[in-house]
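Chemist: Quick one: the structure is below, and I'll ask about it shortly.
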Amino acid sequence: MTVIDIESRLVEPAGDEPRVIDAGLSREDKVFHGSVRTIGFVVLAIFGAIGAFLGYQSIPTFSHYGLSFLTETAWNPELDQVGMAAVIVGTFQVALVAIVVSLPLALLTALYISEYAPQRLKTALVSLVDLMAAVPSIVYGLWGFALLQEHAKGVARWLSQYLGWIPFFSTDTDPDAALWAQSQFTGSAFIAGLAVSMMTIPLACAVMRGVFDQAPVGEREAAVALGATRWGVIRSVVLPFGRGGIIGGSMLGLGRALGETIAVLLIISPAYDIKWSVVEVGTQTTSALIAGLFGEATSFQLSALLTAGFVLFVITLVVNMIAAVFVGRSRSGSITEA
Amino acid sequence: MSTLTMEEHPIESERAPAAGAHLEAVGVSAWFGSHKVLERVSLEMPPGVVTALIGPSGCGKSTFLRTLNRMHETIPAAKFGGEVHLNGEDIYDSGRRITETRRSIGMVFQKPNPFPAMSIGENVLAGPKLNGTRVSRSDRDSLVERSLTRAGLWNEVKDRLHMPGGALSGGQQQRLCIARSLAVDPDILLMDEPCSALDPGSTNVIERTIGELKDEVTIVIVTHNMQQAARVSQQSAFFLATDGRPGVIVESGTTEQLFGDPQDQRTSDYVNGKFG
C-alpha cells in the first residue's frame, strides 16, 4: 500500500505540464472541415448583411418620424403621415386567423398520418401534404379571391351573427338584415387568413408529424400493453412527447403567415385603421403594403417601405427563434433513452 | 444482504392463493412478412407457477411471449397462427376486446419504460386511466401504495411519489413498470428479459418480487440468464431455431428436470453452457 504524504502534495512537482496532443485531423478532414465551415459562415454573413442593409436603410425614416413610425396608424406619404401601427395589427390578425385555422387541421392530419394511417396511405398522404407546400402562393391567392371569398363571407356573417359579442367578430352593419351588406364581409383579415392557412398547414403538419414519429417505441408499447386504445397512446405518450413540436410547428407556421404577401395582397381591401374585427372588410399587412406600394414609390417612400420591411424582418426573426427553441426542446421523452 | 429463496419465502396469508389465470398456447406460429419465426408451439402455463422461456438469441422466445398478449401484431407485417387460451377462451377470438385482453395479460419489457412526463404516482395510475377505469380519489392512494408494495418499491419512493418516474435508477424504474402493470390487476404477467439491463442488486430484488407475486399472478418470463431461470421458475421451456428453421420448443417440463436431467441432447448442451 502506498501512502502519499499530504505535505509533499502541496508542492507541485517540477515539469508537470499538460501535454500538447495533436487533434489528429487528416488533410482530407481539414480541407472538408474548412470548406464546410466557410460555406456555413457565408450563409450567416449573407443573412446578417440583409438585416444590416434593411437596418441601415431604416435610419432616415426613423430619424424623420421617430417612434411615431410605430404608433401612427395612417400611411399617407403625401401628408407626411406614415406609421405602421395599423399595418402591424393587420399583419398579426391575418397570421393569427391562419394559425387558429391551421393548428387543429395540421395537428389532426399529423396525428392521423403518424398514428392511424396504414403504411401505404401514410406515404401517399405525406407526399400530398408536402405537395400542398409546393403550390405557389399566387394560386392560393387566386383560389381565395375567386372561389373561397364567395363562400367564406357567409361564414363571416354567421360568425358576426352568433359570435358578434366577441370583438373579433363584430361588424358595423346589421348581419341579421334580410338584405345583408355582402361587401362588408369581403376583403377581410378572416378571408386572407383562411387562404394563408393553406400555406401554414403543410409546414406545421410536417414539423408535428416528424416529432410524433419520434415518440419512443418503448413508451408506446408500455401504453398498449396496459390496454390502451390508440387514442390512449396518443394522449399518454405521443402528445406529451410532441408538445414542443406542436408549439414549434405552429410558431414556424406563424412566421410563414406573417410574411405571406401575394395571396394576402389579392384578397384584402387595404385599410389603415386599428380595429378588433377580423371579419369586416379592410385591413393591411406589412408584406402586402410593401408589395402594393413598391411600384410607384418615391425614394423617400421607398425608404419608409424598406423600414417596414426591416420591422417585419425583426418580427419574423424573433418568432422563428422562439419556434426553434421549442422544436429544439421537443425531445422531452429522451430521459428514458439512456 | 440476505437472499430469500423460493422455498423459504413465507406465503402471505391475507391474499387468496392461486389467483392467477390459466394460460395455454395451442399450435402458435408467427411470421414477420414471409419469414416464419415460430412453428406450432404449444405450451401450458398454469397458475401459481413461474414459467421461464429460455434459449439462444433469435430462437423466437420473445416473439412467442408477445403473441401471448397480442403485442406481436403491433409490429407491421407481423402475422400469427394458432390459438392462445386464457382460462379456456381464445384471446384472438374476434368477439374479445383487444384492450381488455392486454389489460388482463400485463407485460414488463426488457428496457424500463416509465412515462417520463408523469410522476411516480401517475405512472402507477396510468393503466386505470388508460382503461377508462374510474378510481376514486380515496382509492387512488391505496392503489398506488399497494401496487408499489407488491413490486417491492414502496419503501424507496413513498416520500417522493410526485417526482418524475424517469429520475429513478434503472432497477427502480423497472420495478415502477412492474407496479404500473400490477395496478390494472392482471391475471397474467409476461416479462421479457426484465433484468437484462440491470445490475445484480436490482436483479436480486426483482427476482424476489417475482417469487412474491407468483401466487397472485401467473408469470411467464423470458430470460437469457440460466441461473435466473433456475432461481425464479418452477417450469421451463427451451426454445431453439436451427439452420434458418422457425423456432420450436425442444423440451419443456419442470425447471428441476430441465436443468437436472434434460432428455434432449441439445437442451443438455444449452443448459450446460456448451452453446448459446
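Residue numbering restarts at 1 for every chain of the C-alpha cells, chains are lettered A, B, ... in their displayed order, and ligands are numbered from 1 as they appear.
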Per DSSP on the backbone, what are the strand (DSSP E or B) residues of range 41-227 of chain B, as JSON, numbers by chain?

Modeler: {"B": [41, 42, 43, 44, 45, 50, 51, 52, 53, 54, 78, 79, 80, 81, 82, 83, 84, 85, 86, 89, 90, 105, 106, 107, 108, 119, 164, 188, 189, 190, 191, 192, 218, 219, 220, 221, 222]}

Chemist: Within 12 Å of range 202-210 of chain B, counting only C-alpha atoms, which residues show up once you throw out same-chain ones fewer than 6 positions away? Write them as a ChimeraX atom specification, please.

Modeler: /B:1-10,48-52,108,147-153,169-179,182,189-191,193-196,216-221,223,225,227-234

Chemist: Applying 6 Å and only C-alpha atoms, which residues near range 124-137 of chain B remain after dropping the ones on its own chain fewer than 5 positions away? List them as an NGL selection string.

Modeler: (:A and (226 or 228 or 232)) or (:B and (180 or 184))

Chemist: Go ahead and dump the residues you just picked, N, CA and C atoms, as a PDB file, in the first residue's frame.

Modeler:
```pdb
ATOM      1  N   LEU A 226     -50.720  -1.907 -21.456  1.00  0.00           N
ATOM      2  CA  LEU A 226     -51.608  -1.652 -20.317  1.00  0.00           C
ATOM      3  C   LEU A 226     -53.074  -1.700 -20.742  1.00  0.00           C
ATOM      4  N   ALA A 228     -54.225   0.194 -23.538  1.00  0.00           N
ATOM      5  CA  ALA A 228     -54.642   1.487 -24.072  1.00  0.00           C
ATOM      6  C   ALA A 228     -55.179   1.348 -25.484  1.00  0.00           C
ATOM      7  N   GLY A 232     -55.589   6.403 -26.438  1.00  0.00           N
ATOM      8  CA  GLY A 232     -54.883   6.382 -25.161  1.00  0.00           C
ATOM      9  C   GLY A 232     -53.387   6.544 -25.353  1.00  0.00           C
TER      10      GLY A 232
ATOM     11  N   ARG B 180     -46.738  -0.547 -12.242  1.00  0.00           N
ATOM     12  CA  ARG B 180     -47.710   0.007 -13.188  1.00  0.00           C
ATOM     13  C   ARG B 180     -48.528  -1.120 -13.817  1.00  0.00           C
ATOM     14  N   VAL B 184     -53.353  -2.503 -12.848  1.00  0.00           N
ATOM     15  CA  VAL B 184     -54.586  -2.807 -13.585  1.00  0.00           C
ATOM     16  C   VAL B 184     -55.088  -4.210 -13.249  1.00  0.00           C
TER      17      VAL B 184
END
```

Chemist: Which residue, A:Pro240, A:Pro77, A:Gly24, A:Gly48, has the smallest gap to chain B when you use only C-alpha atoms?

Modeler: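 Of A:Pro240, A:Pro77, A:Gly24, A:Gly48, the one nearest chain B, counting only C-alpha atoms, is A:Pro240.
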
Chemist: Pick out the residues sitting within 8 Å of range 156-163 of chain B, and hand them over as a ChimeraX atom specification; count only C-alpha atoms, and ignore anything fewer than 2 positions along from it in its own chain.

Modeler: /B:119-122,145,153-154,165,167

Chemist: Range 237-240 of chain B: which residues within 7 Å, counting only C-alpha atoms, same-chain residues fewer than 3 positions away excluded, as a ChimeraX atom specification?

Modeler: /B:52-56,59,61,247-253,267

Chemist: Output N, CA and C atoms for every residue in that selection, as a JSON list (two decimals), in the first residue's frame.

Modeler:
```json
[["chain", "number", "residue", "atom", "x", "y", "z"],
["B", 52, "ALA", "N", -40.39, -20.17, -17.21],
["B", 52, "ALA", "CA", -39.26, -19.49, -17.84],
["B", 52, "ALA", "C", -39.11, -19.97, -19.27],
["B", 53, "LEU", "N", -38.94, -19.01, -20.19],
["B", 53, "LEU", "CA", -38.67, -19.36, -21.58],
["B", 53, "LEU", "C", -37.20, -19.10, -21.82],
["B", 54, "ILE", "N", -36.46, -20.14, -22.13],
["B", 54, "ILE", "CA", -35.02, -19.98, -22.34],
["B", 54, "ILE", "C", -34.63, -20.41, -23.74],
["B", 55, "GLY", "N", -33.45, -20.01, -24.15],
["B", 55, "GLY", "CA", -32.96, -20.38, -25.47],
["B", 55, "GLY", "C", -32.04, -19.30, -26.00],
["B", 56, "PRO", "N", -31.23, -19.64, -27.01],
["B", 56, "PRO", "CA", -30.28, -18.66, -27.56],
["B", 56, "PRO", "C", -31.01, -17.52, -28.27],
["B", 59, "CYS", "N", -34.24, -17.30, -31.16],
["B", 59, "CYS", "CA", -34.96, -18.57, -31.20],
["B", 59, "CYS", "C", -36.47, -18.36, -31.16],
["B", 61, "LYS", "N", -38.25, -16.85, -28.65],
["B", 61, "LYS", "CA", -38.92, -16.87, -27.34],
["B", 61, "LYS", "C", -39.59, -15.54, -27.02],
["B", 247, "GLY", "N", -38.43, -21.14, -34.96],
["B", 247, "GLY", "CA", -38.22, -21.60, -33.60],
["B", 247, "GLY", "C", -39.27, -22.59, -33.13],
["B", 248, "VAL", "N", -38.82, -23.57, -32.36],
["B", 248, "VAL", "CA", -39.75, -24.55, -31.77],
["B", 248, "VAL", "C", -39.35, -24.77, -30.31],
["B", 249, "ILE", "N", -40.25, -25.39, -29.53],
["B", 249, "ILE", "CA", -39.87, -25.80, -28.18],
["B", 249, "ILE", "C", -39.25, -27.19, -28.28],
["B", 250, "VAL", "N", -37.97, -27.25, -27.92],
["B", 250, "VAL", "CA", -37.28, -28.53, -27.98],
["B", 250, "VAL", "C", -37.70, -29.40, -26.80],
["B", 251, "GLU", "N", -37.79, -28.75, -25.65],
["B", 251, "GLU", "CA", -38.11, -29.52, -24.44],
["B", 251, "GLU", "C", -38.76, -28.60, -23.42],
["B", 252, "SER", "N", -39.75, -29.10, -22.73],
["B", 252, "SER", "CA", -40.31, -28.31, -21.63],
["B", 252, "SER", "C", -40.68, -29.25, -20.50],
["B", 253, "GLY", "N", -40.72, -28.69, -19.30],
["B", 253, "GLY", "CA", -41.03, -29.50, -18.14],
["B", 253, "GLY", "C", -40.72, -28.73, -16.89],
["B", 267, "THR", "N", -30.82, -29.64, -25.36],
["B", 267, "THR", "CA", -31.14, -28.98, -24.10],
["B", 267, "THR", "C", -29.98, -29.12, -23.14]]
```

Chemist: What are the residues of chain A that have an atom within 12 Å of an atom of chain B, counting only C-alpha atoms, as an MDAnalysis selection string?

Modeler: chainID A and resid 115 118:120 215:243 331:338

Chemist: Report the residues of range 138-326 of chain A whose backbone DSSP state falls under helix (DSSP H, G or I), written as a ChimeraX atom specification.

Modeler: /A:138-163,167-169,182-185,189-213,217-225,230-259,262-267,286-293,299-326

Chemist: What is the CA of Leu65 in chain B-CA of Ser29 in chain B distance in Å, reported with one decimal?

Modeler: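 CA of Ser29 in chain B lies 11.9 Å from CA of Leu65 in chain B.
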
Chemist: Pick out the residues sitting within 8 Å of Ile267 in chain A, and hand them over as a list in words; count only C-alpha atoms, and ignore anything fewer than 5 positions along from it in its own chain.

Modeler: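 After dropping sequence-adjacent residues, the list is Gly141, Gly144, Phe145, Gly187, Ser188, Ile191 and Ala192 of chain A.
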
Chemist: Restricting the output to C-alpha atoms, write the selected residues as a JSON list (two decimals), in the first residue's frame.

Modeler:
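Output saved as again-v5.json:
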```json
[["chain", "number", "residue", "atom", "x", "y", "z"],
["A", 141, "GLY", "CA", -54.39, 33.81, -53.58],
["A", 144, "GLY", "CA", -59.02, 32.61, -52.05],
["A", 145, "PHE", "CA", -60.14, 35.56, -54.13],
["A", 187, "GLY", "CA", -61.57, 41.56, -48.35],
["A", 188, "SER", "CA", -61.14, 40.90, -44.65],
["A", 191, "ILE", "CA", -60.63, 35.50, -45.62],
["A", 192, "ALA", "CA", -56.96, 36.35, -46.17]]
```

Chemist: Which residue gives the smallest distance to Glu39 in chain B among B:Asn272, B:Thr63, B:Ser57, B:Thr255, with only C-alpha atoms counted?

Modeler: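 Of the candidates, the smallest distance to Glu39 in chain B is held by B:Thr63.
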
Chemist: For range 150-163 of chain A, work out the shell of residues within 7 Å, counting only C-alpha atoms and skipping chain neighbours fewer than 5 positions away, then give it as a list in words.

Modeler: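 Those residues are Phe169, Ser170, Thr171, Pro175, Asp176, Phe185, Thr186, Ile191 and Val279 of chain A.
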